[in-house]
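K.L.:
Before I ask anything, let me first share the structure, which is written out below as structure tokens.
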Amino acid sequence: MTTTMIDGITFELKEEFDFRFLSQYGKVFTVFDRQDSGYICFGVVNDHGKLFIKVAGAATVLSSISTDIAITRLQSTALVYQDLSHPTLINMIEHKEVRDGYVTVFEWFDGECMGRQYDHFEEFLALPLEQKFDIYNEILLFHTHVNKKGYIAIDFYDGCIMYDFASGETRICDIEFYAQSPVINTVGRMWGSSRYMSPEEFQLGAEIDGRSNVFLMGATAFQLFGGGTERRLDTWQANEQLFQIALKAVSVRKEDRYLSIGEYFDAWNKAITTATS
């Protein structure tokens with residue numbers, strides 16, 4: 001174990017790594033070094049504002065993968081961010097090789113991560129219904145875009161949602177496992193939170209397709225609007241029509257779900273319009 005200090009910020013690694021390249025982006029004001037992803041991330045500030053920098057290649061303390069795998073994964077993730085560029089997705093500015101590693105550089109988004117492991121999760125779930133409708137709409141818009149681009153969302157959960165409580169803006173982050181269709185389950189239990197995963201994401205050899213993402217969007221609705229994995233009407237905050245739409249989306253059998261996220265989005269929007277007109 002080794003302790004590193006950059007701009008007065010200290011953190012631990014399994015072994016030393018050359019971070020001198022960070023100085024070209026500005027001054028480090030925070031570090032995120034306790035993830036198991038194999039990446040270490042920095043908040044950097046300069047005369048133009050703040051940046052979020054993700055680095056692969058350093059041997060992080062809690063990493064569950066090798067540095068080589070982390071580098072390869074971050075390189076491929078950069079291409080996914082380019083392909084899926086969207087106003088709701090955090091904006092990647094550049095990506096490049098550095099000595100013994102790879103970096104992606106993003107605009108800083110001044111929001112909070114909404115994962116249940118973070119401090120603001122309960123505050124997030126307690127937001128007024130109209131604000132949660134707006135957040136969910138942004139999630140649906142982005143994933144409709146993902147579907148149109150021929151991608152399948154993998155490993156999306158509340159930890160991929162960032163929300164600015166002051167401005168009301170929503171951003172999506174951490175889309176590294178999103179993949180171009182077709183996607184086949186080659187591992188059995190795939191990556192992700194079981195609260196959001198479709199049955200086929202636990203079935204070796206199953207195809208993960210647009211209807212799998214319909215399930216994902218329905219599961220997201222139940223996490224936002226009540227019931228969670230129990231999915232009961234008595235814990236649902238919105239109207240019964242929306243409950244039935246989300247319930248159809250999370251049907252165990254693919255053929256019982258909506259055919260696409262677009263079809264699901266249309267049904268959801270019509271029910272919202274009816275309820276508010």
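Identifiers in this document derive from the order of the structure tokens: chains are assigned A, B, ..., residues are numbered from 1 separately in each chain, and ligands are numbered from 1 in order of occurrence.
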Could you pull the residues within 10 Å of Ser167 in chain A, counting only C-alpha atoms, minus those fewer than 4 positions along the same chain, as a PDB file with all heavy atoms, in the first residue's frame?
P.N.:
```pdb
ATOM      1  N   ASP A 110     -22.672  19.534 -11.256  1.00  0.00           N
ATOM      2  CA  ASP A 110     -22.758  19.880  -9.842  1.00  0.00           C
ATOM      3  C   ASP A 110     -23.997  19.258  -9.209  1.00  0.00           C
ATOM      4  O   ASP A 110     -24.876  19.965  -8.696  1.00  0.00           O
ATOM      5  CB  ASP A 110     -22.770  21.400  -9.685  1.00  0.00           C
ATOM      6  CG  ASP A 110     -22.097  21.855  -8.404  1.00  0.00           C
ATOM      7  OD1 ASP A 110     -21.475  21.013  -7.745  1.00  0.00           O
ATOM      8  OD2 ASP A 110     -22.198  23.045  -8.076  1.00  0.00           O
ATOM      9  N   GLY A 111     -24.077  17.940  -9.260  1.00  0.00           N
ATOM     10  CA  GLY A 111     -25.215  17.230  -8.700  1.00  0.00           C
ATOM     11  C   GLY A 111     -24.772  16.121  -7.768  1.00  0.00           C
ATOM     12  O   GLY A 111     -23.578  15.916  -7.527  1.00  0.00           O
ATOM     13  N   TYR A 163     -28.439  14.050  -9.819  1.00  0.00           N
ATOM     14  CA  TYR A 163     -29.498  15.051  -9.734  1.00  0.00           C
ATOM     15  C   TYR A 163     -28.998  16.270  -8.987  1.00  0.00           C
ATOM     16  O   TYR A 163     -28.385  16.160  -7.916  1.00  0.00           O
ATOM     17  CB  TYR A 163     -30.723  14.470  -9.030  1.00  0.00           C
ATOM     18  CG  TYR A 163     -31.910  15.408  -8.988  1.00  0.00           C
ATOM     19  CD1 TYR A 163     -32.610  15.721 -10.148  1.00  0.00           C
ATOM     20  CD2 TYR A 163     -32.322  15.986  -7.798  1.00  0.00           C
ATOM     21  CE1 TYR A 163     -33.690  16.596 -10.122  1.00  0.00           C
ATOM     22  CE2 TYR A 163     -33.408  16.853  -7.751  1.00  0.00           C
ATOM     23  CZ  TYR A 163     -34.081  17.150  -8.925  1.00  0.00           C
ATOM     24  OH  TYR A 163     -35.156  18.014  -8.896  1.00  0.00           O
TER      25      TYR A 163
END
```
K.L.:
May I have a table of the residues of range 94-135 of chain A lying at most 12 Å from range 172-195 of chain A, giving each one's closest pair of atoms and their distance in Å to one decimal, counting only C-alpha atoms, ordered by chain and ascending residue number, as CSV?
P.N.:
```
residue,atom,partner,partner_atom,distance
A:Thr104,CA,A:Asp174,CA,11.8
A:Phe106,CA,A:Cys173,CA,10.3
A:Glu107,CA,A:Cys173,CA,11.5
A:Trp108,CA,A:Cys173,CA,11.4
A:Phe109,CA,A:Cys173,CA,10.1
A:Gly111,CA,A:Ile172,CA,10.9
A:Glu112,CA,A:Ile172,CA,11.2
A:Cys113,CA,A:Cys173,CA,9.2
A:Met114,CA,A:Ile172,CA,10.4
A:Gly115,CA,A:Ser193,CA,10.4
A:Arg116,CA,A:Ser193,CA,10.8
A:Gln117,CA,A:Ser193,CA,12.0
A:Ile135,CA,A:Ile172,CA,10.4
```
K.L.:
Limited to C-alpha atoms, could you put the picked residues into a file as a PDB file, in the first residue's frame?
P.N.:
```
ATOM      1  CA  THR A 104     -11.567  10.191 -19.882  1.00  0.00           C
ATOM      2  CA  PHE A 106     -15.881  15.065 -18.515  1.00  0.00           C
ATOM      3  CA  GLU A 107     -17.596  18.335 -17.778  1.00  0.00           C
ATOM      4  CA  TRP A 108     -18.262  18.572 -14.054  1.00  0.00           C
ATOM      5  CA  PHE A 109     -21.937  18.245 -13.144  1.00  0.00           C
ATOM      6  CA  GLY A 111     -25.215  17.230  -8.700  1.00  0.00           C
ATOM      7  CA  GLU A 112     -25.492  14.293  -6.330  1.00  0.00           C
ATOM      8  CA  CYS A 113     -25.340  10.601  -7.162  1.00  0.00           C
ATOM      9  CA  MET A 114     -28.699   8.993  -6.395  1.00  0.00           C
ATOM     10  CA  GLY A 115     -27.465   5.476  -5.589  1.00  0.00           C
ATOM     11  CA  ARG A 116     -28.962   4.035  -2.420  1.00  0.00           C
ATOM     12  CA  GLN A 117     -25.439   3.780  -0.959  1.00  0.00           C
ATOM     13  CA  ILE A 135     -36.478  13.029 -13.764  1.00  0.00           C
TER      14      ILE A 135
END
```
K.L.:
Excluding Ile152 in chain A and residues on its chain fewer than 3 positions from it, collect all residues at most 12 Å away from it, counting only C-alpha atoms, and give them as a PyMOL selection string.
P.N.:
chain A and resi 80+84+142-149+155-156+175-184+201+207-216+260-261
K.L.:
Using only C-alpha atoms, find the one residue out of A:Val252, A:Ile139, A:Ala267, A:Ile161 that sits nearest to Met217 in chain A.
P.N.:
A:Ile139
K.L.:
Skip Tyr39 in chain A itself and residues of its chain fewer than 6 positions away, then list as a list in words all residues within 8 Å of it, counting only C-alpha atoms.
P.N.:
Asp33, Lys54, Val55, Ala56, Gly57, Ala58, Thr60, Ser63 and Ala70 of chain A
K.L.:
Do a neighbour search on range 238-247 of chain A at 7 Å with only C-alpha atoms, toss out local chain neighbours closer than 3 positions, and write the hits as a list in words.
P.N.:
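Everything that qualifies: Gly218, Ala221, Phe225, Leu233, Val250, Ser251, Trp268 and Ala271 of chain A.
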K.L.:
With only C-alpha atoms as the basis for distance, which of A:Leu89, A:Phe42, A:Ser23, A:Thr274 is at the shortest distance from Ile9 in chain A?
P.N.:
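Using only C-alpha atoms, the shortest distance to Ile9 in chain A belongs to A:Phe42.
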K.L.:
To one decimal place in Å, what is the distance between CA of Met5 in chain A and CA of Leu51 in chain A?
P.N.:
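Spanning CA of Met5 in chain A to CA of Leu51 in chain A is a straight-line distance of 18.8 Å.
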K.L.:
Determine which residues of range 11-252 of chain A receive a DSSP assignment of strand (DSSP E), computed from the backbone, and state them as a PyMOL selection string.
P.N.:
chain A and resi 11-13+27-32+39-46+49-56+92-98+101-107+112-113+151-152+161-163+170-172+179-180+183-184+207-208
K.L.:
Find the residues around Leu13 in chain A up to 10 Å (only C-alpha atoms counted), leave out those fewer than 4 positions away in its own chain, and share them as a list in words.
P.N.:
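Near Leu13 in chain A, the qualifying residues are Met1, Thr2, Thr3, Thr4, Phe17, Asp33, Arg34, Ile40, Ala58, Ala59, Thr60, Val61, Leu62 and Ser63 of chain A.
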K.L.:
Which value, in Å to one decimal, gives the distance between CA of Tyr264 in chain A and CA of Gln203 in chain A?
P.N.:
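One can read the CA of Tyr264 in chain A to CA of Gln203 in chain A distance as 23.8 Å.
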